[in-house]
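So this one's target09.pdb, PDB, C-alpha atoms, pLDDT in the B column:
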```pdb
ATOM      1  CA  ILE R   1       3.909 -11.105   6.728  1.00 52.00           C
ATOM      2  CA  ARG R   2       0.261 -11.965   7.025  1.00 52.00           C
ATOM      3  CA  LEU R   3      -2.262  -9.690   5.372  1.00 50.00           C
ATOM      4  CA  ARG R   4      -5.996  -9.596   5.990  1.00 53.00           C
ATOM      5  CA  ALA R   5      -8.593  -9.070   3.319  1.00 49.00           C
ATOM      6  CA  SER R   6     -11.976  -7.520   3.894  1.00 48.00           C
ATOM      7  CA  PRO R   7     -14.897  -9.848   4.549  1.00 47.00           C
ATOM      8  CA  CYS R   8     -15.931 -11.848   1.506  1.00 43.00           C
ATOM      9  CA  VAL R   9     -19.545 -12.335   0.469  1.00 37.00           C
ATOM     10  CA  HIS R  10     -20.048 -14.933   3.189  1.00 36.00           C
ATOM     11  CA  GLY R  11     -18.601 -12.695   5.891  1.00 38.00           C
ATOM     12  CA  GLU R  12     -15.395 -14.705   6.316  1.00 40.00           C
ATOM     13  CA  PHE R  13     -11.948 -13.215   6.481  1.00 39.00           C
ATOM     14  CA  HIS R  14      -9.213 -14.603   4.280  1.00 41.00           C
ATOM     15  CA  SER R  15      -5.516 -14.216   5.001  1.00 46.00           C
ATOM     16  CA  ARG R  16      -2.813 -14.047   2.393  1.00 55.00           C
ATOM     17  CA  ARG R  17       0.906 -14.469   2.710  1.00 57.00           C
ATOM     18  CA  LEU R  18       3.047 -11.912   0.946  1.00 60.00           C
ATOM     19  CA  GLY R  19       6.414 -13.344  -0.115  1.00 66.00           C
ATOM     20  CA  ASP R  20       9.450 -11.929   1.627  1.00 71.00           C
ATOM     21  CA  PRO R  21       9.191  -8.119   1.794  1.00 73.00           C
ATOM     22  CA  PRO R  22      12.576  -7.733   3.543  1.00 74.00           C
ATOM     23  CA  SER R  23      14.193  -9.033   0.353  1.00 81.00           C
ATOM     24  CA  ILE R  24      12.868  -6.064  -1.635  1.00 83.00           C
ATOM     25  CA  GLY R  25      15.902  -3.919  -2.328  1.00 84.00           C
ATOM     26  CA  SER R  26      14.352  -1.252  -4.522  1.00 88.00           C
ATOM     27  CA  PRO R  27      13.067   2.056  -3.208  1.00 92.00           C
ATOM     28  CA  THR R  28       9.440   1.500  -2.298  1.00 93.00           C
ATOM     29  CA  LEU R  29       6.513   3.826  -1.711  1.00 94.00           C
ATOM     30  CA  VAL R  30       3.463   2.205  -0.141  1.00 94.00           C
ATOM     31  CA  VAL R  31       0.303   4.229  -0.813  1.00 95.00           C
ATOM     32  CA  HIS R  32      -2.858   3.349   1.061  1.00 94.00           C
ATOM     33  CA  GLY R  33      -6.216   5.040   1.513  1.00 94.00           C
ATOM     34  CA  ASP R  34      -7.533   5.158   5.059  1.00 95.00           C
ATOM     35  CA  ALA R  35     -11.089   4.618   3.759  1.00 94.00           C
ATOM     36  CA  ASP R  36     -10.229   1.510   1.712  1.00 93.00           C
ATOM     37  CA  THR R  37     -13.016  -1.023   2.256  1.00 91.00           C
ATOM     38  CA  ILE R  38     -11.287  -3.770   0.242  1.00 89.00           C
ATOM     39  CA  THR R  39      -7.873  -3.904   1.898  1.00 88.00           C
ATOM     40  CA  PRO R  40      -7.565  -2.824   5.540  1.00 89.00           C
ATOM     41  CA  VAL R  41      -5.273   0.127   6.179  1.00 91.00           C
ATOM     42  CA  GLN R  42      -3.305  -2.037   8.627  1.00 90.00           C
ATOM     43  CA  ASN R  43      -2.012  -3.975   5.606  1.00 88.00           C
ATOM     44  CA  GLY R  44      -0.412  -0.824   4.242  1.00 90.00           C
ATOM     45  CA  HIS R  45       1.262  -0.154   7.571  1.00 91.00           C
ATOM     46  CA  ALA R  46       2.490  -3.748   7.839  1.00 89.00           C
ATOM     47  CA  LEU R  47       3.844  -3.779   4.308  1.00 89.00           C
ATOM     48  CA  ALA R  48       5.693  -0.486   4.729  1.00 91.00           C
ATOM     49  CA  GLU R  49       7.184  -1.660   8.012  1.00 90.00           C
ATOM     50  CA  ALA R  50       8.305  -4.969   6.485  1.00 89.00           C
ATOM     51  CA  ILE R  51      10.145  -3.439   3.515  1.00 90.00           C
ATOM     52  CA  PRO R  52      13.480  -1.928   4.551  1.00 91.00           C
ATOM     53  CA  GLY R  53      13.559   1.811   3.923  1.00 92.00           C
ATOM     54  CA  ALA R  54      10.029   1.948   2.506  1.00 94.00           C
ATOM     55  CA  GLU R  55       8.128   5.204   2.639  1.00 95.00           C
ATOM     56  CA  TYR R  56       4.441   5.224   3.539  1.00 96.00           C
ATOM     57  CA  LEU R  57       1.757   7.592   2.299  1.00 96.00           C
ATOM     58  CA  GLU R  58      -1.661   7.291   3.875  1.00 96.00           C
ATOM     59  CA  VAL R  59      -4.322   9.157   1.940  1.00 95.00           C
ATOM     60  CA  HIS R  60      -7.003  10.679   4.175  1.00 95.00           C
ATOM     61  CA  GLY R  61     -10.382   9.720   2.725  1.00 95.00           C
ATOM     62  CA  GLY R  62      -8.693   7.574   0.080  1.00 95.00           C
ATOM     63  CA  ARG R  63     -10.429   4.413  -0.988  1.00 93.00           C
ATOM     64  CA  HIS R  64      -8.983   1.375  -2.795  1.00 91.00           C
ATOM     65  CA  ALA R  65      -7.676   3.482  -5.706  1.00 92.00           C
ATOM     66  CA  PRO R  66      -6.857   6.744  -3.908  1.00 92.00           C
ATOM     67  CA  HIS R  67      -5.228   8.313  -6.947  1.00 89.00           C
ATOM     68  CA  LEU R  68      -8.637   8.539  -8.652  1.00 90.00           C
ATOM     69  CA  ASP R  69     -10.139  10.922  -6.075  1.00 89.00           C
ATOM     70  CA  HIS R  70      -6.959  12.492  -4.732  1.00 93.00           C
ATOM     71  CA  PRO R  71      -4.727  13.885  -7.506  1.00 91.00           C
ATOM     72  CA  HIS R  72      -1.993  14.778  -5.011  1.00 93.00           C
ATOM     73  CA  VAL R  73      -1.230  11.050  -4.839  1.00 93.00           C
ATOM     74  CA  VAL R  74       0.041  11.150  -8.417  1.00 93.00           C
ATOM     75  CA  ASP R  75       2.242  14.119  -7.506  1.00 94.00           C
ATOM     76  CA  ALA R  76       3.611  12.195  -4.524  1.00 94.00           C
ATOM     77  CA  VAL R  77       4.437   9.181  -6.713  1.00 93.00           C
ATOM     78  CA  VAL R  78       6.144  11.380  -9.314  1.00 93.00           C
ATOM     79  CA  ASN R  79       8.094  13.112  -6.548  1.00 95.00           C
ATOM     80  CA  PHE R  80       9.131   9.751  -5.084  1.00 95.00           C
ATOM     81  CA  MET R  81      10.241   8.483  -8.478  1.00 93.00           C
ATOM     82  CA  SER R  82      12.236  11.648  -9.168  1.00 94.00           C
ATOM     83  CA  ARG R  83      14.089  11.096  -5.885  1.00 94.00           C
ATOM     84  CA  HIS R  84      14.709   7.436  -6.760  1.00 91.00           C
ATOM     85  CA  PRO R  85      15.444   7.196 -10.497  1.00 86.00           C
ATOM     86  CA  LEU R  86      15.586   3.744 -12.038  1.00 79.00           C
ATOM     87  CA  SER R  87      19.051   2.349 -12.555  1.00 73.00           C
ATOM     88  CA  ASN R  88      20.167   0.732 -15.791  1.00 61.00           C
ATOM     89  CA  ALA R  89      21.441  -2.322 -13.949  1.00 54.00           C
TER      90      ALA R  89
END
```
I'd like the structure from this file rewritten - as structure tokens, please.
Amino acid sequence: IRLRASPCVHGEFHSRRLGDPPSIGSPTLVVHGDADTITPVQNGHALAEAIPGAEYLEVHGGRHAPHLDHPHVVDAVVNFMSRHPLSNA
């Protein structure tokens, strides 16, 4: 999938290619703040859609590190991990 980054200092957009998300077989929670000025929220949507079975949590008012201003994000991650314990494989 193609991801877009926010404008750099010179006002240009840079695209990045992100491996092969469909090959991710582990339970995945994509967390994205809707006020992130570094990585567009569309990237979070695209990533969650590209990973089979991924769950998506969009944090209203969340910036690039939404867990810092929104403690419920940590609770959501803990909840997700408790529903998907790591295997010993």
So, with only C-alpha atoms as the atoms that count, which of R:Val73, R:Ala65, R:Val78, R:Ile51 lies closest to R:Pro27?
R:Ile51
Would you write out, as a ChimeraX atom specification, every residue that the PyMOL selection byres ((chain R and resi 34-38) around 9) captures in this file?
/R:5-7,32-33,39-41,58-66
R:His72 proximity check over R:Leu57, R:Ser26, R:Ala46, R:Pro21, using all atoms listed in the file: winner is R:Leu57
If we draw a sphere of 10 Å around (15.6, 4.1, -5.1), which residues have at least one atom in it when counting all atoms listed in the file? Please report them as JSON, numbers by chain.
{"R": [25, 26, 27, 28, 29, 53, 54, 80, 81, 82, 83, 84, 85, 86, 87]}
What does the distance from atom CA of R:Tyr56 to atom CA of R:Pro22 come to in Å, to one decimal?
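Between atom CA of R:Tyr56 and atom CA of R:Pro22 the gap is 15.3 Å.
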Would you mind reading off the distance between atom CA of R:Asp20 and atom CA of R:His67, one decimal, in Å?
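Between atom CA of R:Asp20 and atom CA of R:His67 the gap is 26.4 Å.
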note - atom CA of R:Asn43 and atom CA of R:Ser23 are separated by 17.8 Å
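Considering all atoms listed in the file, the residue among R:His70, R:Asn79, R:Glu55, R:Glu49 positioned nearest to R:Val30 is R:Glu55.
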Please enclose the listed atoms of stretch 32-43 of chain R in an axis-aligned box, pad each side by 3 Å, and write out the centre and the three edge lengths in Å, rounded to one decimal, as JSON.
```
{"center_x": -7.5, "center_y": 0.6, "center_z": 4.4, "size_x": 17.0, "size_y": 15.1, "size_z": 14.4}
```
